[in-house]
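Q: input32.txt (compact mmCIF, C-alpha atoms and all ligand atoms) pasted underneath:
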# COMPACT_ATOMS: atom_id res chain seq x y z
CA MET E 27 -90.77 108.60 58.63
CA GLU E 28 -90.12 111.81 60.48
CA GLY E 29 -89.15 111.19 64.10
CA VAL E 30 -88.88 107.44 63.50
CA THR E 31 -86.63 106.26 60.66
CA ASP E 32 -83.52 108.27 61.42
CA TRP E 33 -79.99 107.15 60.61
CA VAL E 34 -79.89 104.63 63.43
CA MET E 35 -83.18 102.99 62.46
CA ARG E 36 -82.30 102.95 58.74
CA ASP E 37 -78.97 101.37 59.60
CA LEU E 38 -80.64 98.68 61.67
CA LEU E 39 -83.46 97.90 59.24
CA THR E 40 -81.22 97.71 56.20
CA SER E 41 -78.78 95.46 58.10
CA LEU E 42 -81.58 92.86 58.26
CA GLY E 43 -81.91 92.75 54.48
CA GLY E 44 -84.79 92.92 52.05
CA ILE E 45 -84.74 96.71 51.52
CA ASP E 46 -83.72 98.05 48.10
CA PHE E 47 -84.04 101.80 48.82
CA CYS E 48 -84.51 104.12 51.78
CA VAL E 49 -85.74 107.69 51.97
CA THR E 50 -84.75 110.09 54.76
CA GLU E 51 -87.22 111.81 57.07
CA PHE E 52 -88.51 114.91 55.28
CA LEU E 53 -86.42 118.07 55.30
CA ARG E 54 -88.61 121.18 55.31
CA VAL E 55 -87.56 123.81 52.77
CA THR E 56 -88.86 127.37 53.03
CA ASP E 57 -87.15 130.25 51.20
CA GLN E 58 -83.53 129.49 52.13
CA LEU E 59 -80.72 127.24 51.09
CA LEU E 60 -80.33 124.93 54.08
CA PRO E 61 -76.87 124.79 55.69
CA ASP E 62 -74.81 121.70 54.86
CA SER E 63 -75.03 120.66 58.51
CA VAL E 64 -78.81 120.23 58.18
CA PHE E 65 -78.42 117.85 55.25
CA GLU E 66 -75.68 115.98 57.09
CA LYS E 67 -77.80 115.62 60.22
CA ASN E 68 -80.82 114.43 58.23
CA CYS E 69 -78.71 112.05 56.17
CA PRO E 70 -75.44 111.04 57.90
CA GLU E 71 -75.14 108.45 55.12
CA LEU E 72 -73.89 111.32 52.90
CA LYS E 73 -70.50 110.58 54.47
CA THR E 74 -70.67 106.98 53.26
CA GLY E 75 -71.72 107.49 49.65
CA SER E 76 -75.39 108.09 50.54
CA ARG E 77 -75.70 104.43 51.48
CA THR E 78 -76.36 102.73 54.79
CA ARG E 79 -73.59 100.52 56.15
CA ALA E 80 -75.38 97.57 54.54
CA GLY E 81 -75.00 99.35 51.17
CA THR E 82 -78.63 100.39 50.69
CA PRO E 83 -79.02 103.69 48.80
CA VAL E 84 -80.68 106.54 50.71
CA PHE E 85 -82.57 109.33 48.94
CA ILE E 86 -83.03 112.73 50.60
CA GLN E 87 -86.64 113.79 50.92
CA LEU E 88 -87.55 117.48 50.60
CA LEU E 89 -90.86 119.04 51.50
CA GLY E 90 -92.06 122.56 50.70
CA GLY E 91 -94.08 124.70 48.33
CA GLN E 92 -91.56 127.14 46.87
CA VAL E 93 -90.17 126.14 43.51
CA ALA E 94 -86.76 127.86 43.40
CA PRO E 95 -85.66 127.04 46.97
CA LEU E 96 -86.66 123.40 46.52
CA ALA E 97 -84.61 123.20 43.33
CA GLU E 98 -81.60 124.91 44.98
CA ASN E 99 -81.74 122.62 47.98
CA ALA E 100 -82.11 119.53 45.81
CA ALA E 101 -79.04 120.54 43.82
CA ARG E 102 -77.07 121.15 47.01
CA ALA E 103 -78.09 117.76 48.44
CA VAL E 104 -76.76 116.12 45.29
CA GLU E 105 -73.49 118.10 45.50
CA LEU E 106 -73.16 116.73 49.02
CA GLY E 107 -73.54 113.20 47.66
CA ALA E 108 -77.25 112.32 47.69
CA LEU E 109 -78.02 109.44 45.33
CA GLY E 110 -81.58 110.67 44.72
CA ILE E 111 -84.12 113.33 45.66
CA ASP E 112 -87.64 112.48 46.75
CA LEU E 113 -90.30 115.21 46.92
CA ASN E 114 -92.96 114.89 49.61
CA PHE E 115 -96.51 115.83 48.57
CA GLY E 116 -98.15 113.56 51.10
CA CYS E 117 -97.54 114.85 54.61
CA PRO E 118 -100.88 115.56 56.33
CA ALA E 119 -99.47 117.37 59.41
CA LYS E 120 -101.36 120.58 60.15
CA THR E 121 -98.24 122.69 60.74
CA VAL E 122 -96.71 121.47 57.49
CA ASN E 123 -99.89 122.08 55.47
CA ARG E 124 -100.44 125.51 57.03
CA HIS E 125 -96.98 126.46 55.82
CA ASP E 126 -97.71 125.36 52.28
CA GLY E 127 -96.09 121.96 52.16
CA GLY E 128 -96.86 118.26 51.91
CA ALA E 129 -100.41 117.19 51.10
CA SER E 130 -101.77 120.75 50.76
CA LEU E 131 -100.09 120.84 47.32
CA LEU E 132 -102.24 117.97 46.12
CA LYS E 133 -104.93 120.57 45.46
CA SER E 134 -102.77 122.20 42.81
CA THR E 135 -101.52 120.01 39.97
CA ASP E 136 -99.74 122.98 38.34
CA ARG E 137 -97.70 123.67 41.44
CA ILE E 138 -96.69 120.03 41.74
CA PHE E 139 -95.65 120.07 38.08
CA ASN E 140 -93.61 123.25 38.55
CA ILE E 141 -91.80 121.88 41.60
CA VAL E 142 -90.93 118.49 40.11
CA SER E 143 -89.91 120.07 36.83
CA ALA E 144 -87.65 122.70 38.45
CA VAL E 145 -85.99 120.11 40.68
CA ARG E 146 -85.53 117.78 37.70
CA THR E 147 -83.86 120.60 35.74
CA LYS E 148 -81.45 121.54 38.55
CA VAL E 149 -80.42 118.00 39.44
CA PRO E 150 -77.99 116.15 37.11
CA PRO E 151 -79.83 113.77 34.76
CA HIS E 152 -78.28 110.58 36.19
CA ILE E 153 -79.68 111.32 39.67
CA PRO E 154 -83.29 110.16 40.14
CA VAL E 155 -85.90 112.73 41.16
CA THR E 156 -88.94 110.98 42.61
CA ALA E 157 -92.22 112.11 44.15
CA LYS E 158 -94.55 110.85 46.82
CA ILE E 159 -98.26 111.69 46.83
CA ARG E 160 -101.44 110.69 48.56
CA LEU E 161 -104.47 109.93 46.38
CA GLY E 162 -105.65 113.51 46.78
CA PHE E 163 -106.38 116.14 49.39
CA ASP E 164 -110.02 115.18 49.87
CA HIS E 165 -110.89 113.53 46.52
CA PRO E 166 -108.99 110.42 45.40
CA GLU E 167 -109.53 111.16 41.68
CA ALA E 168 -106.89 113.90 41.95
CA CYS E 169 -104.20 111.21 41.81
CA LEU E 170 -104.72 110.76 38.06
CA GLU E 171 -103.98 114.36 37.07
CA ASN E 172 -101.21 114.63 39.64
CA ALA E 173 -99.57 111.43 38.38
CA LYS E 174 -99.72 112.71 34.80
CA ALA E 175 -98.17 116.03 35.83
CA ILE E 176 -95.39 114.32 37.82
CA THR E 177 -94.66 112.12 34.82
CA ALA E 178 -94.61 115.08 32.43
CA ALA E 179 -92.26 116.91 34.79
CA GLY E 180 -89.73 114.09 34.43
CA ALA E 181 -89.92 112.16 37.71
CA SER E 182 -88.18 108.79 37.71
CA TRP E 183 -90.85 107.10 39.80
CA LEU E 184 -93.86 107.90 41.91
CA THR E 185 -94.78 106.56 45.32
CA VAL E 186 -98.49 106.61 46.15
CA HIS E 187 -99.77 106.43 49.69
CA CYS E 188 -103.23 105.05 48.89
CA ARG E 189 -105.33 107.42 50.98
CA THR E 190 -106.36 111.06 50.78
CA LYS E 191 -105.09 113.67 53.20
CA THR E 192 -108.57 113.69 54.75
CA ASP E 193 -108.34 109.92 55.32
CA GLY E 194 -105.28 110.54 57.52
CA TYR E 195 -103.92 107.16 58.61
CA LYS E 196 -107.31 105.48 58.97
CA PRO E 197 -107.53 102.01 57.36
CA PRO E 198 -108.18 100.86 54.72
CA ALA E 199 -105.69 101.96 52.10
CA PHE E 200 -107.36 102.13 48.70
CA TRP E 201 -104.92 100.01 46.67
CA GLU E 202 -107.51 99.75 43.89
CA TRP E 203 -106.46 103.21 42.68
CA ILE E 204 -103.03 101.95 41.69
CA PRO E 205 -104.08 100.17 38.45
CA LYS E 206 -105.94 103.35 37.44
CA ILE E 207 -102.79 105.39 38.03
CA ARG E 208 -100.69 102.86 36.12
CA ALA E 209 -103.05 103.28 33.19
CA VAL E 210 -102.20 106.99 32.90
CA THR E 211 -98.42 106.89 33.40
CA PRO E 212 -95.55 104.77 32.11
CA ILE E 213 -93.27 105.47 35.10
CA GLU E 214 -92.78 102.93 37.89
CA ILE E 215 -95.28 103.22 40.71
CA VAL E 216 -94.38 102.35 44.29
CA THR E 217 -97.45 101.25 46.22
CA ASN E 218 -97.69 102.35 49.85
CA GLY E 219 -100.10 102.01 52.76
CA GLU E 220 -101.32 99.39 55.26
CA ILE E 221 -98.85 96.61 54.54
CA TRP E 222 -98.26 95.16 58.00
CA ASN E 223 -97.44 91.53 57.14
CA THR E 224 -96.97 89.07 54.29
CA ALA E 225 -100.71 88.46 53.94
CA ASP E 226 -101.34 92.21 53.52
CA PHE E 227 -98.56 92.35 50.98
CA GLN E 228 -100.00 89.48 48.98
CA LYS E 229 -103.46 91.07 48.97
CA CYS E 230 -102.03 94.46 48.07
CA HIS E 231 -99.90 92.96 45.28
CA SER E 232 -102.86 91.09 43.82
CA ILE E 233 -104.68 94.41 43.49
CA ALA E 234 -101.90 96.90 42.74
CA GLN E 235 -99.69 94.63 40.58
CA THR E 236 -96.71 96.95 40.88
CA ASN E 237 -93.04 95.96 40.94
CA ASN E 238 -92.29 98.12 43.97
CA TYR E 239 -93.71 98.63 47.44
CA MET E 240 -92.94 101.03 50.25
CA ILE E 241 -93.49 99.98 53.86
CA GLY E 242 -93.53 102.50 56.70
CA ARG E 243 -95.03 101.62 60.06
CA GLY E 244 -95.03 97.88 59.35
CA ALA E 245 -91.23 97.93 59.29
CA ILE E 246 -91.03 99.35 62.80
CA ARG E 247 -93.47 96.81 64.13
CA ASP E 248 -91.77 93.89 62.36
CA PRO E 249 -88.25 94.71 61.16
CA PHE E 250 -88.12 91.36 59.32
CA ILE E 251 -91.16 92.22 57.19
CA PHE E 252 -89.05 92.84 54.09
CA THR E 253 -87.24 89.50 54.28
CA LYS E 254 -90.49 87.73 55.16
CA ILE E 255 -92.13 89.15 52.05
CA LYS E 256 -89.16 88.18 49.94
CA ASN E 257 -89.22 84.72 51.58
CA ALA E 258 -92.90 84.39 50.72
CA LEU E 259 -91.99 85.09 47.12
CA ASN E 260 -89.11 82.59 47.43
CA PRO E 261 -90.15 79.87 49.91
CA ASN E 262 -86.66 78.28 49.88
CA LEU E 263 -85.43 81.04 52.20
CA GLU E 264 -85.81 80.59 55.96
CA PRO E 265 -88.03 83.12 57.71
CA ASN E 266 -86.62 85.05 60.67
CA GLU E 267 -88.85 85.13 63.70
CA LYS E 268 -87.67 86.47 67.06
CA ILE E 269 -85.83 89.79 67.03
CA PRO E 270 -82.36 89.19 68.54
CA GLY E 271 -81.68 91.16 71.72
CA HIS E 272 -78.34 92.45 70.50
CA LEU E 273 -80.14 94.41 67.77
CA ILE E 274 -82.15 96.27 70.39
CA LEU E 275 -79.07 96.92 72.52
CA ASN E 276 -77.17 98.13 69.45
CA PHE E 277 -80.06 100.40 68.52
CA TYR E 278 -80.08 101.96 71.99
CA GLN E 279 -76.31 102.44 72.01
CA ALA E 280 -76.22 103.88 68.50
CA SER E 281 -79.04 106.33 69.37
CA CYS E 282 -77.00 107.49 72.42
CA LEU E 283 -74.04 108.18 70.15
CA HIS E 284 -76.16 109.70 67.38
CA VAL E 285 -77.99 112.18 69.66
CA ASN E 286 -77.91 111.55 73.43
CA ASP E 287 -79.05 109.19 76.21
CA HIS E 288 -82.49 110.74 76.74
CA PHE E 289 -83.21 110.62 73.02
CA ALA E 290 -82.11 106.97 72.98
CA VAL E 291 -84.53 106.10 75.82
CA THR E 292 -87.46 107.74 73.99
CA ARG E 293 -86.64 106.17 70.63
CA THR E 294 -86.04 102.72 72.06
CA LYS E 295 -89.29 102.82 74.04
CA GLY E 296 -91.16 103.88 70.86
CA TRP E 297 -89.66 100.98 68.95
CA LEU E 298 -90.21 98.41 71.74
CA LYS E 299 -93.85 99.47 71.91
CA GLN E 300 -94.30 98.73 68.21
CA LEU E 301 -92.38 95.44 68.46
CA SER E 302 -94.54 94.36 71.40
CA PHE E 303 -97.60 94.23 69.14
CA VAL E 304 -96.16 91.22 67.33
CA GLN E 305 -93.44 89.80 69.62
CA PRO E 306 -94.90 88.48 72.93
CA HIS E 307 -91.50 88.25 74.67
CA ILE E 308 -90.96 91.96 74.01
CA LYS E 309 -94.36 92.86 75.43
CA ASP E 310 -93.50 91.53 78.92
CA MET E 311 -90.21 93.35 78.89
CA PHE E 312 -91.72 96.57 77.55
CA ASP E 313 -94.36 96.60 80.31
CA GLU E 314 -91.55 96.59 82.89
CA ILE E 315 -89.24 99.02 81.17
CA LYS E 316 -91.65 101.68 79.89
CA ILE E 317 -91.83 103.46 83.26
CA LEU E 318 -88.05 103.89 83.52
CA GLU E 319 -86.98 107.40 82.61
CA LYS E 320 -83.39 107.66 83.79
CA PRO E 321 -81.05 106.50 81.02
CA THR E 322 -78.85 104.63 83.52
CA ASP E 323 -81.83 102.61 84.83
CA PHE E 324 -83.18 102.04 81.35
CA ARG E 325 -79.86 100.86 80.00
CA ARG E 326 -79.21 98.55 82.99
CA HIS E 327 -82.62 96.94 82.58
CA LEU E 328 -82.21 96.53 78.84
CA GLU E 329 -78.77 94.97 79.27
CA SER E 330 -79.86 92.59 82.01
CA TYR E 331 -82.85 91.51 79.95
CA PHE E 332 -80.91 90.80 76.80
CA THR E 333 -77.61 89.55 78.21
CA ASN E 334 -79.13 86.95 80.60
C1 LIG P 401 -94.76 109.20 62.44
C2 LIG P 401 -94.80 109.21 60.94
C3 LIG P 401 -93.92 110.03 60.25
C4 LIG P 401 -93.94 110.04 58.85
N1 LIG P 401 -93.04 110.82 58.20
C5 LIG P 401 -92.97 110.76 56.84
C6 LIG P 401 -91.96 111.48 56.13
O1 LIG P 401 -91.11 112.18 56.71
N2 LIG P 401 -91.95 111.35 54.78
C7 LIG P 401 -92.85 110.57 54.11
O2 LIG P 401 -92.79 110.47 52.88
N3 LIG P 401 -93.82 109.91 54.76
C8 LIG P 401 -93.90 109.98 56.09
N4 LIG P 401 -94.85 109.27 56.75
C9 LIG P 401 -95.82 108.47 55.98
C10 LIG P 401 -95.29 107.05 55.73
O3 LIG P 401 -94.10 107.09 54.99
C11 LIG P 401 -96.31 106.20 54.95
O4 LIG P 401 -96.58 106.84 53.72
C12 LIG P 401 -97.60 106.01 55.72
O5 LIG P 401 -97.38 105.73 57.07
C13 LIG P 401 -98.43 104.85 55.10
O6 LIG P 401 -97.63 103.70 54.96
P1 LIG P 401 -97.60 102.53 56.07
O7 LIG P 401 -99.05 102.06 56.22
O8 LIG P 401 -96.71 101.47 55.46
O9 LIG P 401 -97.07 103.12 57.33
C14 LIG P 401 -94.88 109.26 58.13
C15 LIG P 401 -95.77 108.45 58.84
C16 LIG P 401 -95.75 108.42 60.22
C17 LIG P 401 -96.74 107.54 60.95
I'd like the structure from this file rewritten - as structure tokens, please.
Ligand SMILES: Cc1cc2nc3c(=O)[nH]c(=O)nc-3n(C[C@H](O)[C@H](O)[C@H](O)COP(=O)(O)O)c2cc1C
A:
Amino acid sequence: MEGVTDWVMRDLLTSLGGIDFCVTEFLRVTDQLLPDSVFEKNCPELKTGSRTRAGTPVFIQLLGGQVAPLAENAARAVELGALGIDLNFGCPAKTVNRHDGGASLLKSTDRIFNIVSAVRTKVPPHIPVTAKIRLGFDHPEACLENAKAITAAGASWLTVHCRTKTDGYKPPAFWEWIPKIRAVTPIEIVTNGEIWNTADFQKCHSIAQTNNYMIGRGAIRDPFIFTKIKNALNPNLEPNEKIPGHLILNFYQASCLHVNDHFAVTRTKGWLKQLSFVQPHIKDMFDEIKILEKPTDFRRHLESYFTN
């Protein structure tokens, strides 16, 4: 998720287990080949075999509307070590859509086909090319033709965020479209949208019946969601409950190193806010700390809270 699941957050989440694959924040492609430094900033894991330190593979996600530049950039990302390329046809942001990217392409099945097909051709066959869509721009039925086109273009799998662009992020997610999509394509479908806890997952799985699920916001709110879901499927495993303080301190420190102290304050506050929805002990601390702006004050408070 752009502005949220950067290298530091991916590193932390995958260290807790339960995640089989990660995708970077989207990289916007216009008419140029992006400099190597842009790929390396978006995906520092390129230096470690395109895997997080826990060994989880990371795919680079590209977003744009121009066929040839997307294919060139995908090929370059693979030369730099990417283990897979994911194409974003789901972003609803106005600036992105105005510049011909993300969910605006859902209105044009041919263009989606041309993009996936060109990227597939440019990227070596052993490297997966995957796509992410919403159900449609304003009509959910569009997912069927788009899924067929993505399949015909050679994608390895397809992630479906079960809402239209017009739905934005408003609940519910319409998981009931997934069986209809599975009926028109043989490729693996990854179901996405509104899985916040194990109960949501179980409901979603009973409807979607896929082998794969993608979780976005729910992972920020409860970083143990992946292991909890796997524990629910295998009750012999112990569930993890309270987030250990050292993980939050490590996250802050790593964000300072990754970008800078002010960035680390903003990112850590954003994460603590999400955690506070489900972890009462974090809520009290967040209420005290959210007004602190100076990195030195913020860091001192964080350390005293978690080291006492
Ligand atoms: C702040 C934010 C940034 C996002 N950035 C991306 C992105 O870069 N690429 C992407 O495929 N989806 C992005 N998404 C969408 C999520 O990956 C996911 O599809 C959506 O939030 C629904 O899943 P969830 O209910 O599990 O969060 C973003 C969502 C949010 C809230």
Q: Around ligand LIG 401 (chain P), which protein and nucleic acid residues have at least one atom no more than 10 Å from it, if we count only C-alpha atoms and all ligand atoms? List them as a VMD selection string.
A: chain E and resid 27 to 32 49 to 54 86 to 89 112 to 119 128 157 to 160 185 to 189 194 to 199 217 to 222 239 to 247
Q: From the options E:Cys230, E:Val34, E:Asn68, E:Gly127, which residue's atoms come nearest to Leu275 in chain E, counting only C-alpha atoms?
A: E:Val34
Q: Nearest to Leu301 in chain E among E:Lys268, E:Ala280, E:Asn286, E:Ile138, with distances taken over only C-alpha atoms: which residue is it?
A: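 Of E:Lys268, E:Ala280, E:Asn286, E:Ile138, the one nearest Leu301 in chain E, counting only C-alpha atoms, is E:Lys268.
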Q: Which of these, E:Asn223, E:Asn99, E:Gln228, E:Thr192, has the shortest distance to Lys148 in chain E once you count all atoms listed in the file?
A: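 Smallest separation from Lys148 in chain E among the options: E:Asn99.
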Q: I'd like to know which of E:Gln92, E:Thr224, E:Ser41, E:Ser281 is closest to His125 in chain E, using all atoms listed in the file.
A: E:Gln92
Q: Name the closest residue to Ile141 in chain E among the candidates E:Ala103, E:Ile153, E:Phe289, E:Glu98; distances are taken between atoms, counting only C-alpha atoms.
A: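 Checking each candidate against Ile141 in chain E, we get E:Glu98 as the closest.
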Q: Kindly give the distance, in Å, that separates CA of Leu38 in chain E and CA of Ile315 in chain E, rounded to a single decimal.
A: 21.3 Å
Q: To one decimal place in Å, what is the distance between CA of Met35 in chain E and CA of Thr236 in chain E?
A: 26.2 Å
Q: May I ask for the distance between CA of Asp136 in chain E and CA of Ser182 in chain E, given in Å to one decimal place?
A: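 Value for the CA of Asp136 in chain E-CA of Ser182 in chain E distance: 18.3 Å.
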Q: May I ask which of the residues E:Val285, E:Ile269, E:Ala97, E:Cys169 is the closest one to Phe332 in chain E, counting all atoms listed in the file?
A: E:Ile269
Q: Find the spatial neighbours of Leu170 in chain E, counting all atoms listed in the file, within a cut-off of 9 Å - ignore same-chain residues fewer than 3 positions away - and output them as a list in words.
A: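 Here the qualifying residues turn out to be Leu161, Pro166, Glu167, Ala173, Lys174, Ala175, Lys206, Ile207, Val210 and Thr211 of chain E.
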Q: Tell me which protein, DNA and RNA residues are within 10 Å of Leu39 in chain E, counting all atoms listed in the file, leaving out same-chain ones fewer than 6 positions away, and put them as JSON, numbers by chain.
A: {"E": [31, 33, 45, 48, 78, 80, 245, 246, 248, 249, 250, 251, 252, 273]}
Q: Show me the residues around (-77.1, 109.6, 48.5) - criterion: an atom at most 6 Å away, only C-alpha atoms counted - as a ChimeraX atom specification.
A: /E:72,75-76,84-85,107-110
Q: Which polymer residues have any atom within 8 Å of an atom of Val145 in chain E, counting only C-alpha atoms, with same-chain residues fewer than 5 positions away left out, as a list in words?
A: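 Answer for this query is Val93, Leu96, Ala97, Glu98, Ala100, Ala101 and Val155 of chain E.
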